[in-house]
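One structure is given here, and the rest of the page talks about it.
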Amino acid sequence: MGKPENFKIDKGLASFGVSDHYAILGLPLNTDAAHIRKKFLKLAKILHPDVFGRTDEEKDTATKYFSKMVSPAYQVLNSDRDRGEYLATLRIFAQTQKQKGTALTLSTEIAQKLYRLPHEITYTQFVEQVAPKQYETLESILEYTATLSELNLVYLMTQSSLSFTTGSSAAAPAFSQSPSQSPSQTVAQNGNGQPSVAPKPAQSPALRNLNMAELFIGKKQWTDALKELIAAEKLDPNNAKVYALKGLVQMNQNAAAIAKVSFQKALKLDPKEPTALKYINQVSAAQAQTPAKAPEKKGGLFGWGKK
């Protein structure tokens with residue numbers, strides 16, 4: 001029987017020393033807050049020590065799985081801020097590994113299949129295929145948690161961009177490969193004959209700031225979002241998304257003129273930037289409707305002679 005006090009996974013994110021909270025709960029990385037809570041309550045019932053038919057040893061083991069694995073994972077993912085910071089950590093991890101050119105050994109057949117079919121729908125289907133088996137028995141928890149962690153690792157490393165939902169609404173991340181690169185070009189054989197993934201280089205050093213900015217935007221905390229975007233601009237001054245989000249924040253701060261400049265800069269860097277395209281006409285219209293303030297008339301030096 002797996003013992004949580006000796007919890008050790010040698011696959012997926014866990015093999016890099018990264019706590020995989022989503023794998024522990026049996027959820028894909030794009031799960032929204034409502035579904036995270038729903039799954040936690042389900043696992044709380046499954047691992048309750050008074051579940052019929054369990055021996056004293058099994059009750060003790062179930063309690064430890066809940067207290068040492070499930071509850072800590074939920075504490076992180078249940079908080080919008082903590083979840084946002086955790087997802088930012090995953091972005092940074094993926095970015096670092098791509099920069100290093102780390103080759104990832106895929107030991108499970110389902111993870112290898114995911115790499116051959118790298119699509120968001122495929123990923124979600126595979127997680128949903130494995131997750132129901134995870135807590136069927138106490139003996140199966142560690143095995144299937146490890147499998148889910150490997151699926152999460154493949155998911156992170158095969159995306160061309162990382163965009164997770166950090167708020168309470170579901171916003172599935174894009175999951176795509178460069179059209180000029182196929183899996184056969186990036187999978188090599190390691191010494192054990194297992195396929196290894198050669199990840200693509202990372203994109204932006206400001207991913208964490210962008211992630212936090214999106215979190216604050218979702219909560220309408222415009223000042224905090226702007227601080228993150230100013231920091232992001234320093235790290236990645238040629239990132240169109242930074243300026244598009246700045247424009248969105250400034251628009252909501254009733255600064256239409258400044259927002260328009262930000263959107264224009266975003267579109268100069270990327271003519272197809274979706275946020276800038278969506279809102280630039282709106283701020284232009286708002287700016288046109290704002291009446292110009294008539295200059296105050298004064299006569300004579302220092303206003304002397306004013307009638």
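Labels for the structure tokens follow display order: chains A, B, ..., residues from 1 in each chain, ligands from 1.
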
Worksheet item: Excluding same-chain residues fewer than 2 positions from A:Leu229, what lies within 12 Å of it counting only C-alpha atoms, as number ranges by chain?
Response: A: 206-217, 222-227, 231-237, 239-250, 262

Practice prompt. Write out as a PyMOL selection string which residues come within 9 Å of stretch 134-146 of chain A when counting only C-alpha atoms, dropping same-chain ones fewer than 2 positions away.
Written response: chain A and resi 1-4+7-14+20+23-26+43+46-47+58+61-62+65+130-132+148-151

Only N, CA, C and O atoms, please: the residues just picked out, written as a short mmCIF file (atom, residue, chain, number, x, y, z; two decimals), in the first residue's frame.
```cif
data_model
loop_
_atom_site.label_atom_id
_atom_site.label_comp_id
_atom_site.auth_asym_id
_atom_site.auth_seq_id
_atom_site.Cartn_x
_atom_site.Cartn_y
_atom_site.Cartn_z
N MET A 1 0.84 -1.20 0.00
CA MET A 1 0.00 0.00 0.00
C MET A 1 0.87 1.24 0.00
O MET A 1 1.86 1.31 0.72
N GLY A 2 0.53 2.24 -0.84
CA GLY A 2 1.28 3.48 -0.85
C GLY A 2 1.15 4.22 0.45
O GLY A 2 0.07 4.30 1.04
N LYS A 3 2.24 4.73 0.95
CA LYS A 3 2.23 5.44 2.22
C LYS A 3 2.55 6.91 1.98
O LYS A 3 3.63 7.24 1.49
N PRO A 4 1.63 7.80 2.33
CA PRO A 4 1.83 9.21 2.02
C PRO A 4 3.01 9.83 2.75
O PRO A 4 3.58 10.80 2.27
N PHE A 7 5.71 9.73 0.45
CA PHE A 7 5.21 10.17 -0.86
C PHE A 7 6.37 10.54 -1.76
O PHE A 7 7.12 11.47 -1.49
N LYS A 8 6.50 9.81 -2.84
CA LYS A 8 7.58 10.09 -3.78
C LYS A 8 7.12 9.70 -5.18
O LYS A 8 6.71 8.58 -5.42
N ILE A 9 7.19 10.68 -6.08
CA ILE A 9 6.83 10.44 -7.48
C ILE A 9 8.05 10.76 -8.33
O ILE A 9 8.69 11.80 -8.15
N ASP A 10 8.37 9.88 -9.24
CA ASP A 10 9.56 10.09 -10.07
C ASP A 10 9.19 10.37 -11.51
O ASP A 10 9.99 10.16 -12.43
N LYS A 11 7.96 10.84 -11.72
CA LYS A 11 7.51 11.15 -13.08
C LYS A 11 6.96 12.57 -13.13
O LYS A 11 6.56 13.13 -12.12
N GLY A 12 6.94 13.12 -14.33
CA GLY A 12 6.29 14.40 -14.55
C GLY A 12 6.92 15.55 -13.80
O GLY A 12 8.12 15.60 -13.56
N LEU A 13 6.10 16.51 -13.42
CA LEU A 13 6.57 17.69 -12.70
C LEU A 13 7.26 17.32 -11.41
O LEU A 13 8.23 17.94 -11.00
N ALA A 14 6.72 16.29 -10.75
CA ALA A 14 7.28 15.89 -9.46
C ALA A 14 8.73 15.44 -9.56
O ALA A 14 9.50 15.59 -8.62
N ASP A 20 2.91 19.12 -7.76
CA ASP A 20 1.88 19.12 -8.79
C ASP A 20 0.51 19.04 -8.12
O ASP A 20 -0.08 17.98 -7.97
N ALA A 23 -2.33 17.52 -10.30
CA ALA A 23 -2.27 16.07 -10.42
C ALA A 23 -2.82 15.41 -9.16
O ALA A 23 -3.52 14.41 -9.22
N ILE A 24 -2.51 15.97 -8.00
CA ILE A 24 -2.99 15.41 -6.73
C ILE A 24 -4.52 15.40 -6.68
O ILE A 24 -5.14 14.44 -6.23
N LEU A 25 -5.13 16.47 -7.18
CA LEU A 25 -6.58 16.55 -7.18
C LEU A 25 -7.21 15.86 -8.39
O LEU A 25 -8.43 15.75 -8.48
N GLY A 26 -6.36 15.41 -9.32
CA GLY A 26 -6.88 14.72 -10.50
C GLY A 26 -7.58 15.66 -11.45
O GLY A 26 -8.61 15.32 -12.04
N LEU A 43 -13.27 14.39 -3.02
CA LEU A 43 -12.15 13.64 -2.45
C LEU A 43 -12.22 13.60 -0.93
O LEU A 43 -11.81 12.61 -0.30
N ILE A 46 -14.40 10.72 -0.24
CA ILE A 46 -13.75 9.44 -0.57
C ILE A 46 -12.74 9.05 0.49
O ILE A 46 -12.62 7.87 0.86
N LEU A 47 -11.99 10.02 0.99
CA LEU A 47 -10.91 9.74 1.95
C LEU A 47 -11.34 9.88 3.41
O LEU A 47 -10.50 9.83 4.30
N GLU A 58 -6.19 1.21 7.09
CA GLU A 58 -6.63 1.90 5.88
C GLU A 58 -7.22 3.27 6.21
O GLU A 58 -7.01 4.24 5.47
N THR A 61 -4.33 5.54 6.77
CA THR A 61 -3.69 5.88 5.50
C THR A 61 -4.52 6.89 4.72
O THR A 61 -3.99 7.87 4.16
N ALA A 62 -5.84 6.68 4.67
CA ALA A 62 -6.72 7.60 3.95
C ALA A 62 -6.64 9.00 4.56
O ALA A 62 -6.60 10.01 3.85
N TYR A 65 -3.39 10.63 3.47
CA TYR A 65 -3.45 11.10 2.09
C TYR A 65 -4.19 12.43 2.02
O TYR A 65 -3.79 13.35 1.29
N VAL A 130 -7.75 9.20 -16.90
CA VAL A 130 -6.93 8.66 -15.81
C VAL A 130 -7.53 8.98 -14.44
O VAL A 130 -7.52 8.14 -13.53
N ALA A 131 -8.05 10.20 -14.28
CA ALA A 131 -8.48 10.69 -12.96
C ALA A 131 -9.47 9.78 -12.23
O ALA A 131 -9.34 9.60 -11.01
N PRO A 132 -10.47 9.20 -12.88
CA PRO A 132 -11.41 8.35 -12.15
C PRO A 132 -10.77 7.13 -11.49
O PRO A 132 -11.30 6.59 -10.51
N LEU A 148 -0.69 11.41 -13.98
CA LEU A 148 -1.27 12.73 -14.23
C LEU A 148 -0.21 13.81 -14.23
O LEU A 148 -0.27 14.75 -15.02
N SER A 149 0.78 13.68 -13.36
CA SER A 149 1.85 14.67 -13.31
C SER A 149 2.68 14.64 -14.59
O SER A 149 3.14 15.67 -15.07
N GLU A 150 2.84 13.46 -15.16
CA GLU A 150 3.57 13.38 -16.42
C GLU A 150 2.75 13.99 -17.56
O GLU A 150 3.30 14.67 -18.44
N LEU A 151 1.44 13.79 -17.55
CA LEU A 151 0.59 14.44 -18.55
C LEU A 151 0.68 15.96 -18.43
O LEU A 151 0.75 16.68 -19.43
#
```

Worksheet item: Nearest to A:Ile92 among A:Gly218, A:Leu156, A:Glu120, A:Lys265, with distances taken over only C-alpha atoms: which residue is it?
Response: A:Leu156

Fill in: Non-local contacts of A:Asn238 (10 Å; only C-alpha atoms; under 6 positions in same chain excluded) as JSON, numbers by chain
{"A": [204, 265, 266, 268, 269, 270]}

Discussion item. When you look at A:Phe40 with a cut-off of 10 Å (counting only C-alpha atoms), what residues show up, excluding the ones that are within fewer than 2 positions of it in the same chain? I need them as a ChimeraX atom specification.
Written reply: /A:25-26,35-38,42-46,66,70-71,73-74,78

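Rounded to one decimal, atom CA of A:Gln221 and atom CA of A:Gln253 lie 10.3 Å from each other.
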
Practice prompt. Could you give me the residues within stretch 2-43 of chain A that DSSP places in alpha helix (DSSP H), as a VMD selection string?
Written response: chain A and resid 21 to 25 33 to 43

Can I get the selected residues back with C-alpha atoms, as a PDB file, in the first residue's frame?
```
ATOM      1  CA  HIS A  21      -1.284  20.251  -7.007  1.00  0.00           C
ATOM      2  CA  TYR A  22      -3.493  19.647 -10.037  1.00  0.00           C
ATOM      3  CA  ALA A  23      -2.272  16.069 -10.423  1.00  0.00           C
ATOM      4  CA  ILE A  24      -2.993  15.408  -6.734  1.00  0.00           C
ATOM      5  CA  LEU A  25      -6.584  16.553  -7.177  1.00  0.00           C
ATOM      6  CA  ALA A  33     -12.194  27.569  -9.289  1.00  0.00           C
ATOM      7  CA  ALA A  34     -15.708  26.118  -9.078  1.00  0.00           C
ATOM      8  CA  HIS A  35     -14.614  22.716 -10.375  1.00  0.00           C
ATOM      9  CA  ILE A  36     -11.562  22.702  -8.113  1.00  0.00           C
ATOM     10  CA  ARG A  37     -13.812  23.100  -5.075  1.00  0.00           C
ATOM     11  CA  LYS A  38     -16.241  20.469  -6.351  1.00  0.00           C
ATOM     12  CA  LYS A  39     -13.439  17.919  -6.791  1.00  0.00           C
ATOM     13  CA  PHE A  40     -11.999  18.701  -3.355  1.00  0.00           C
ATOM     14  CA  LEU A  41     -15.331  18.027  -1.657  1.00  0.00           C
ATOM     15  CA  LYS A  42     -15.611  14.750  -3.571  1.00  0.00           C
ATOM     16  CA  LEU A  43     -12.149  13.641  -2.450  1.00  0.00           C
TER      17      LEU A  43
END
```

Fill in: Which residue of A:Glu109, A:Asp82, A:Glu128, A:Glu228 approaches A:Leu27 most closely, using only C-alpha atoms
A:Glu128

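Across the model, the gap from atom CA of A:Asn152 to atom CA of A:Leu29 is 7.1 Å.
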
Residues at most 7 Å from A:Gln287, counting only C-alpha atoms, excluding those fewer than 4 positions away in the same chain, as an mmCIF file with N, CA and C atoms, in the first residue's frame?
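Result went into out18.cif, see below:
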```cif
data_model
loop_
_atom_site.group_PDB
_atom_site.id
_atom_site.type_symbol
_atom_site.label_atom_id
_atom_site.label_comp_id
_atom_site.auth_asym_id
_atom_site.auth_seq_id
_atom_site.Cartn_x
_atom_site.Cartn_y
_atom_site.Cartn_z
ATOM 1 N N ALA A 256 -8.826 57.431 -21.619
ATOM 2 C CA ALA A 256 -8.999 56.968 -22.994
ATOM 3 C C ALA A 256 -7.833 57.353 -23.904
ATOM 4 N N ALA A 257 -7.324 58.558 -23.736
ATOM 5 C CA ALA A 257 -6.240 59.017 -24.613
ATOM 6 C C ALA A 257 -4.979 58.177 -24.412
ATOM 7 N N VAL A 283 -12.056 53.116 -27.474
ATOM 8 C CA VAL A 283 -11.433 54.254 -26.798
ATOM 9 C C VAL A 283 -11.345 55.447 -27.735
#
```
